[in-house]
>>> print(open('entry_30.cif').read())   # mmCIF, C-alpha atoms
data_entry
loop_
_atom_site.label_atom_id
_atom_site.label_comp_id
_atom_site.auth_asym_id
_atom_site.auth_seq_id
_atom_site.Cartn_x
_atom_site.Cartn_y
_atom_site.Cartn_z
CA MET T 1 0.00 0.00 0.00
CA THR T 2 1.48 3.31 -1.08
CA LEU T 3 0.85 6.09 1.41
CA LEU T 4 1.03 9.55 -0.06
CA ARG T 5 1.20 12.89 1.69
CA PRO T 6 -2.26 14.10 2.81
CA TYR T 7 -2.45 16.87 0.20
CA ILE T 8 -6.11 17.59 0.92
CA ILE T 9 -5.15 18.56 4.48
CA TYR T 10 -2.52 20.94 3.09
CA TRP T 11 -5.25 22.30 0.80
CA ALA T 12 -7.51 22.97 3.79
CA ILE T 13 -4.66 24.64 5.67
CA ALA T 14 -3.89 26.91 2.70
CA VAL T 15 -7.59 27.81 2.28
CA HIS T 16 -8.06 28.59 5.96
CA ILE T 17 -4.87 30.66 6.14
CA ALA T 18 -5.94 32.65 3.06
CA TRP T 19 -9.44 33.25 4.45
CA GLY T 20 -8.11 33.98 7.92
CA LEU T 21 -5.79 36.65 6.57
CA ALA T 22 -8.54 38.07 4.33
CA LEU T 23 -10.91 38.35 7.30
CA LEU T 24 -8.21 40.07 9.36
CA ILE T 25 -7.14 42.47 6.63
CA ASP T 26 -10.56 43.31 5.15
CA PRO T 27 -13.36 41.90 7.33
CA VAL T 28 -16.09 43.94 5.64
CA GLY T 29 -15.13 42.78 2.17
CA ALA T 30 -14.44 39.13 3.03
CA THR T 31 -17.31 38.36 5.42
CA PRO T 32 -20.15 38.30 2.84
CA ALA T 33 -18.22 35.71 0.80
CA VAL T 34 -17.51 33.26 3.65
CA ILE T 35 -20.26 30.99 2.35
CA LEU T 36 -17.74 29.92 -0.29
CA VAL T 37 -15.83 28.09 2.47
CA GLY T 38 -18.97 27.09 4.35
CA MET T 39 -18.45 29.49 7.27
CA HIS T 40 -21.87 31.22 7.13
CA TRP T 41 -23.14 29.08 10.03
CA ILE T 42 -20.55 30.54 12.39
CA ILE T 43 -21.55 34.11 11.43
CA SER T 44 -25.11 33.32 12.47
CA LEU T 45 -23.67 32.52 15.92
CA GLY T 46 -22.12 36.00 16.14
CA VAL T 47 -18.52 35.01 15.34
CA GLU T 48 -17.48 37.08 12.35
CA GLY T 49 -14.82 39.36 10.90
CA PRO T 50 -11.42 39.32 12.64
CA ARG T 51 -12.55 36.84 15.29
CA LEU T 52 -13.48 34.33 12.60
CA GLY T 53 -10.17 35.10 10.88
CA VAL T 54 -8.25 34.31 14.07
CA ALA T 55 -10.23 31.09 14.53
CA LEU T 56 -9.39 29.97 10.99
CA LEU T 57 -5.70 30.84 11.41
CA PHE T 58 -5.61 29.04 14.78
CA ALA T 59 -7.15 25.86 13.35
CA ALA T 60 -4.84 25.97 10.31
CA SER T 61 -1.77 26.50 12.53
CA LEU T 62 -2.60 23.50 14.70
CA ALA T 63 -3.16 21.33 11.61
CA LEU T 64 0.12 22.53 10.10
CA ALA T 65 1.93 21.77 13.37
CA SER T 66 0.47 18.26 13.29
CA LEU T 67 1.68 17.65 9.74
CA ILE T 68 5.13 19.17 10.32
CA ALA T 69 5.76 17.35 13.62
CA GLY T 70 4.60 14.08 12.03
CA LYS T 71 5.70 11.02 13.97
CA GLN T 72 7.40 13.04 16.69
CA LEU T 73 3.88 13.21 18.10
CA THR T 74 1.77 10.30 19.20
CA ASN T 75 -1.09 9.19 16.99
CA ALA T 76 -3.72 10.64 19.35
CA VAL T 77 -2.00 14.02 19.83
CA SER T 78 -1.43 14.41 16.11
CA PHE T 79 -5.10 13.61 15.50
CA LEU T 80 -6.24 16.06 18.19
CA LEU T 81 -4.25 18.87 16.56
CA LEU T 82 -6.16 18.25 13.34
CA MET T 83 -9.54 18.21 15.08
CA PRO T 84 -10.30 21.98 15.09
CA GLN T 85 -9.86 22.16 11.33
CA TYR T 86 -11.72 18.89 10.89
CA GLY T 87 -14.58 20.34 12.96
CA LEU T 88 -14.67 23.46 10.78
CA LEU T 89 -14.89 21.33 7.64
CA VAL T 90 -17.56 19.01 9.08
CA ALA T 91 -19.58 22.06 10.11
CA ALA T 92 -19.05 23.59 6.68
CA PHE T 93 -20.30 20.42 5.02
CA MET T 94 -23.43 20.32 7.17
CA SER T 95 -24.05 24.03 6.80
CA ASP T 96 -23.63 23.85 3.03
CA SER T 97 -25.93 20.83 2.82
CA LEU T 98 -28.61 22.62 4.84
CA SER T 99 -28.29 25.73 2.68
CA VAL T 100 -28.57 23.75 -0.54
CA TYR T 101 -31.50 21.72 0.81
CA GLY T 102 -33.33 24.76 2.16
CA GLY T 103 -32.40 27.07 -0.72
CA ASN T 104 -31.39 29.94 1.55
CA VAL T 105 -28.33 31.50 3.14
CA LEU T 106 -28.75 33.23 6.49
CA GLY T 107 -32.49 33.63 5.82
CA ASN T 108 -32.04 34.97 2.29
CA PRO T 109 -33.52 32.78 -0.47
CA VAL T 110 -30.94 31.67 -3.05
CA ASP T 111 -31.38 29.41 -6.08
CA ARG T 112 -30.61 25.83 -5.02
CA VAL T 113 -28.74 24.87 -8.18
CA LEU T 114 -26.60 27.99 -7.91
CA LEU T 115 -25.84 27.18 -4.28
CA PHE T 116 -25.09 23.57 -5.08
CA THR T 117 -22.67 24.39 -7.89
CA ALA T 118 -20.95 27.04 -5.77
CA LEU T 119 -20.66 24.90 -2.63
CA TRP T 120 -20.08 21.44 -4.05
CA PRO T 121 -16.26 21.85 -4.37
CA THR T 122 -16.01 22.74 -0.67
CA MET T 123 -18.31 19.87 0.25
CA ILE T 124 -16.19 17.38 -1.73
CA ALA T 125 -13.07 18.76 -0.08
CA ALA T 126 -14.64 18.30 3.37
CA LEU T 127 -15.40 14.64 2.58
CA LEU T 128 -11.90 14.03 1.21
CA HIS T 129 -10.40 15.76 4.25
CA SER T 130 -12.33 13.41 6.57
CA ALA T 131 -11.15 10.38 4.59
CA ALA T 132 -7.55 11.65 4.61
CA ILE T 133 -7.56 12.16 8.39
CA VAL T 134 -9.04 8.73 9.07
CA GLU T 135 -6.62 7.06 6.65
CA ARG T 136 -3.64 8.98 8.07
CA HIS T 137 -4.34 7.81 11.60
CA LEU T 138 -5.39 4.27 10.77
CA THR T 139 -2.12 3.72 8.94
CA TRP T 140 -0.05 5.65 11.53
CA ASN T 141 2.12 2.65 12.46
CA ARG T 142 2.74 1.59 8.88
CA ARG T 143 4.37 4.83 7.82
CA MET I 1 -32.49 26.96 14.65
CA GLU I 2 -30.80 24.81 12.03
CA GLN I 3 -27.60 26.82 12.38
CA ALA I 4 -27.58 26.20 16.15
CA ILE I 5 -27.64 22.43 15.61
CA ILE I 6 -24.46 22.52 13.54
CA PRO I 7 -21.95 23.03 16.42
CA ALA I 8 -23.48 20.20 18.44
CA ALA I 9 -23.61 17.87 15.44
CA THR I 10 -20.03 18.82 14.54
CA LEU I 11 -18.85 18.00 18.04
CA VAL I 12 -20.60 14.63 17.97
CA ILE I 13 -19.24 13.74 14.52
CA SER I 14 -15.70 14.85 15.43
CA LEU I 15 -15.68 12.85 18.66
CA ALA I 16 -17.18 9.84 16.89
CA THR I 17 -14.48 9.99 14.20
CA PHE I 18 -11.77 10.30 16.85
CA ALA I 19 -13.19 7.41 18.87
CA PHE I 20 -13.69 5.21 15.81
CA THR I 21 -10.16 5.84 14.54
CA ASN I 22 -8.61 5.17 17.94
CA TRP I 23 -10.65 1.99 18.38
CA ARG I 24 -9.79 0.78 14.87
CA THR I 25 -6.09 1.54 15.33
CA GLN I 26 -6.10 -0.34 18.63
CA THR I 27 -7.88 -3.30 17.06
CA MET I 28 -5.40 -3.41 14.18
CA GLU I 29 -2.45 -3.21 16.58
CA ASN I 30 -3.87 -6.04 18.69
CA ARG I 31 -4.47 -8.13 15.58
CA SER I 32 -0.93 -7.47 14.41
CA ALA I 33 0.48 -8.41 17.83
CA THR I 34 -1.56 -11.64 17.82
CA ARG I 35 -0.32 -12.47 14.32
CA ASP I 36 3.29 -11.87 15.43
CA THR I 37 2.79 -14.16 18.44
CA VAL I 38 1.26 -16.88 16.28
CA ASP I 39 4.17 -16.59 13.81
CA LEU I 40 6.69 -16.81 16.67
CA LEU I 41 4.98 -19.86 18.19
CA SER I 42 4.76 -21.47 14.78
CA ARG I 43 8.49 -20.95 14.18
CA GLN I 44 9.30 -22.27 17.67
CA SER I 45 7.07 -25.28 17.05
CA GLU I 46 8.90 -26.04 13.78
CA GLY I 47 12.22 -25.74 15.63
CA TYR I 48 11.08 -28.15 18.32
CA ALA I 49 9.81 -30.60 15.70
CA ARG I 50 13.21 -30.59 13.98
CA GLU I 51 14.94 -31.08 17.35
CA ILE I 52 12.65 -34.01 18.20
CA LYS I 53 13.44 -35.60 14.81
CA ASP I 54 17.19 -35.21 15.43
CA LEU I 55 16.88 -36.71 18.91
CA ARG I 56 14.87 -39.62 17.53
CA GLU I 57 17.57 -40.30 14.93
CA GLN I 58 20.25 -40.12 17.63
CA MET I 59 18.20 -42.51 19.78
CA GLU I 60 17.93 -45.00 16.90
CA ALA I 61 21.69 -44.77 16.31
CA CYS I 62 22.31 -45.35 20.02
CA SER I 63 19.95 -48.36 20.00
CA ALA I 64 21.90 -49.89 17.11
CA GLU I 65 25.16 -49.25 18.98
CA ILE I 66 23.74 -50.87 22.13
CA VAL I 67 22.74 -53.98 20.14
CA ASP I 68 26.24 -54.13 18.67
CA LEU I 69 27.85 -53.72 22.08
CA LYS I 70 25.61 -56.44 23.55
CA ARG I 71 26.64 -58.76 20.75
CA ARG I 72 30.30 -57.98 21.46
CA VAL I 73 29.79 -58.57 25.17
CA ALA I 74 28.20 -61.94 24.32
CA ASP I 75 31.16 -62.79 22.08
CA CYS I 76 33.57 -61.80 24.82
CA GLU I 77 31.65 -63.94 27.28
CA THR I 78 31.83 -66.92 24.93
CA ALA I 79 35.57 -66.34 24.48
CA ARG I 80 36.03 -66.08 28.22
CA ILE I 81 34.20 -69.33 28.86
CA ALA I 82 36.31 -71.07 26.21
CA LEU I 83 39.48 -69.67 27.77
CA VAL I 84 38.43 -70.81 31.24
CA GLU I 85 37.79 -74.33 29.88
CA LYS I 86 41.22 -74.39 28.27
CA LEU I 87 42.87 -73.17 31.45
CA THR I 88 41.06 -75.90 33.41
CA LEU I 89 42.55 -78.54 31.09
CA PHE I 90 46.07 -77.27 31.67
CA THR I 91 45.74 -76.71 35.40
CA PRO I 92 47.29 -79.67 37.40
CA PRO I 93 44.94 -81.36 39.83
CA SER I 94 45.31 -80.18 43.40
CA GLY I 95 47.96 -81.96 45.45
CA ALA I 96 50.00 -83.07 42.37
CA GLN I 97 53.81 -82.80 42.63
CA ARG I 98 55.67 -80.57 40.22
CA ASP I 99 58.69 -82.17 38.59
#
>>> encode(input="entry_30.cif", output="structure tokens")
Amino acid sequence: MTLLRPYIIYWAIAVHIAWGLALLIDPVGATPAVILVGMHWIISLGVEGPRLGVALLFAASLALASLIAGKQLTNAVSFLLLMPQYGLLVAAFMSDSLSVYGGNVLGNPVDRVLLFTALWPTMIAALLHSAAIVERHLTWNRR
Amino acid sequence: MEQAIIPAATLVISLATFAFTNWRTQTMENRSATRDTVDLLSRQSEGYAREIKDLREQMEACSAEIVDLKRRVADCETARIALVEKLTLFTPPSGAQRD
């Protein structure tokens, strides 16, 4: 079995760093577009702008630390460092699914097909990220 | 309302994934350890079987040697008896005068 690097986790880290910086630098401009990374659910809970940016950067940093430290960490600790980002992606997947199903974003009606085509890449990435994390930690001792 | 469910559901899914992965890893490690033990016992068993075969061969060789030695002892005994008979013939009767 050939075990490759978990590129989808690097992808998630890069996306969250980019969005975290965007939300810190220009919160007004970036906030309305956060649905593109499935973060509209967290805005409805009152976490937005720079605070959301810091949360994304924090989760991405922990995930990056987990990947860089590699086997210097135990399987469980390495997994726990990936959990915040994993949680963000799981939440994004559920939030996107609910938006597509309900045809609205934060109470505003939006065409379902438009939502689906816009959110589907993020939803696929969330699923692949979950699979990558599970595979990474199930094969921990074989790497 | 739907948005409020997401954090709770996320927490449940994340914990379930963590628990499942840990459980699965543990199961695989245990299975691997069991397989290693079985392999070790199997190799030891083969070693013992070879040793038993060698010992059996040595035992058969020893048995053949014992038979041979018994035969030689019997031959020696026969020779001894013959020698004693000859000596008896040449031994003067008791009380006879030497010239």
>>> interface_residues(input="entry_30.cif", of="chain I", to="chain T", cutoff="8 Å", atoms="all atoms listed in the file", output="VMD selection string")
chain I and resid 2 to 4 6 to 7 9 to 11 13 to 14 17 to 18 21 to 22 24 to 25
>>> residues_around(input="entry_30.cif", residues="range 107-118 of chain T", least_positions_apart="2", cutoff="10 Å", atoms="only C-alpha atoms", output="ChimeraX atom specification")
/T:35-37,44,96-97,99-105,120-123
>>> residues_around(input="entry_30.cif", residues="Ala60 in chain T", least_positions_apart="2", cutoff="7 Å", atoms="all atoms listed in the file", output="list of chain:residue names")
T:Ile13, T:His16, T:Ile17, T:Leu56, T:Leu57, T:Phe58, T:Leu62, T:Ala63, T:Leu64, T:Gln85
>>> residues_around(input="entry_30.cif", residues="Ala12 in chain T", least_positions_apart="2", cutoff="8 Å", atoms="only C-alpha atoms", output="ChimeraX atom specification")
/T:8-10,14-16,60,85,125,129
>>> atom_distance(input="entry_30.cif", atom1="CA of Val34 in chain T", atom2="CA of Leu52 in chain T")
9.9 Å
>>> atom_distance(input="entry_30.cif", atom1="CA of Ala59 in chain T", atom2="CA of Leu128 in chain T")
17.6 Å
>>> atom_distance(input="entry_30.cif", atom1="CA of Val47 in chain T", atom2="CA of Ala33 in chain T")
14.6 Å
>>> decode(input="entry_30.cif", residues="range 37-57 of chain T", atoms="N, CA, C and O atoms", output="CSV table (one decimal), in the first residue's frame")
chain,number,residue,atom,x,y,z
T,37,VAL,N,-16.6,29.1,1.7
T,37,VAL,CA,-15.8,28.1,2.5
T,37,VAL,C,-16.7,27.5,3.6
T,37,VAL,O,-16.2,26.9,4.6
T,38,GLY,N,-18.0,27.7,3.4
T,38,GLY,CA,-19.0,27.1,4.4
T,38,GLY,C,-18.9,27.6,5.8
T,38,GLY,O,-19.3,26.9,6.7
T,39,MET,N,-18.6,28.9,5.9
T,39,MET,CA,-18.5,29.5,7.3
T,39,MET,C,-19.7,30.4,7.7
T,39,MET,O,-19.6,31.1,8.7
T,40,HIS,N,-20.7,30.3,6.8
T,40,HIS,CA,-21.9,31.2,7.1
T,40,HIS,C,-22.6,30.8,8.4
T,40,HIS,O,-23.2,31.6,9.1
T,41,TRP,N,-22.5,29.5,8.8
T,41,TRP,CA,-23.1,29.1,10.0
T,41,TRP,C,-22.6,29.8,11.3
T,41,TRP,O,-23.3,30.1,12.2
T,42,ILE,N,-21.2,30.0,11.2
T,42,ILE,CA,-20.5,30.5,12.4
T,42,ILE,C,-20.9,32.0,12.5
T,42,ILE,O,-20.9,32.6,13.6
T,43,ILE,N,-21.2,32.7,11.4
T,43,ILE,CA,-21.5,34.1,11.4
T,43,ILE,C,-22.9,34.2,12.1
T,43,ILE,O,-23.1,35.2,12.9
T,44,SER,N,-23.8,33.3,11.8
T,44,SER,CA,-25.1,33.3,12.5
T,44,SER,C,-25.0,33.2,14.0
T,44,SER,O,-26.0,33.5,14.7
T,45,LEU,N,-23.9,32.7,14.5
T,45,LEU,CA,-23.7,32.5,15.9
T,45,LEU,C,-23.0,33.7,16.5
T,45,LEU,O,-22.6,33.8,17.7
T,46,GLY,N,-22.7,34.7,15.7
T,46,GLY,CA,-22.1,36.0,16.1
T,46,GLY,C,-20.6,36.0,16.1
T,46,GLY,O,-20.0,37.0,16.5
T,47,VAL,N,-20.0,35.0,15.5
T,47,VAL,CA,-18.5,35.0,15.3
T,47,VAL,C,-18.2,35.4,13.9
T,47,VAL,O,-18.5,34.7,13.0
T,48,GLU,N,-17.7,36.6,13.7
T,48,GLU,CA,-17.5,37.1,12.3
T,48,GLU,C,-16.3,38.0,12.3
T,48,GLU,O,-15.7,38.4,13.4
T,49,GLY,N,-15.9,38.4,11.1
T,49,GLY,CA,-14.8,39.4,10.9
T,49,GLY,C,-13.5,38.8,11.5
T,49,GLY,O,-13.2,37.7,11.3
T,50,PRO,N,-12.8,39.7,12.2
T,50,PRO,CA,-11.4,39.3,12.6
T,50,PRO,C,-11.4,38.1,13.6
T,50,PRO,O,-10.5,37.3,13.6
T,51,ARG,N,-12.5,38.0,14.4
T,51,ARG,CA,-12.6,36.8,15.3
T,51,ARG,C,-12.6,35.5,14.5
T,51,ARG,O,-12.0,34.5,14.9
T,52,LEU,N,-13.4,35.5,13.5
T,52,LEU,CA,-13.5,34.3,12.6
T,52,LEU,C,-12.1,34.1,11.9
T,52,LEU,O,-11.7,32.9,11.8
T,53,GLY,N,-11.5,35.2,11.5
T,53,GLY,CA,-10.2,35.1,10.9
T,53,GLY,C,-9.2,34.5,11.8
T,53,GLY,O,-8.4,33.6,11.4
T,54,VAL,N,-9.2,34.9,13.1
T,54,VAL,CA,-8.3,34.3,14.1
T,54,VAL,C,-8.6,32.8,14.3
T,54,VAL,O,-7.6,32.0,14.4
T,55,ALA,N,-9.8,32.5,14.3
T,55,ALA,CA,-10.2,31.1,14.5
T,55,ALA,C,-9.7,30.2,13.4
T,55,ALA,O,-9.2,29.1,13.6
T,56,LEU,N,-9.9,30.7,12.2
T,56,LEU,CA,-9.4,30.0,11.0
T,56,LEU,C,-7.9,29.8,11.0
T,56,LEU,O,-7.3,28.7,10.8
T,57,LEU,N,-7.2,30.9,11.3
T,57,LEU,CA,-5.7,30.8,11.4
T,57,LEU,C,-5.2,29.9,12.5
T,57,LEU,O,-4.3,29.1,12.4
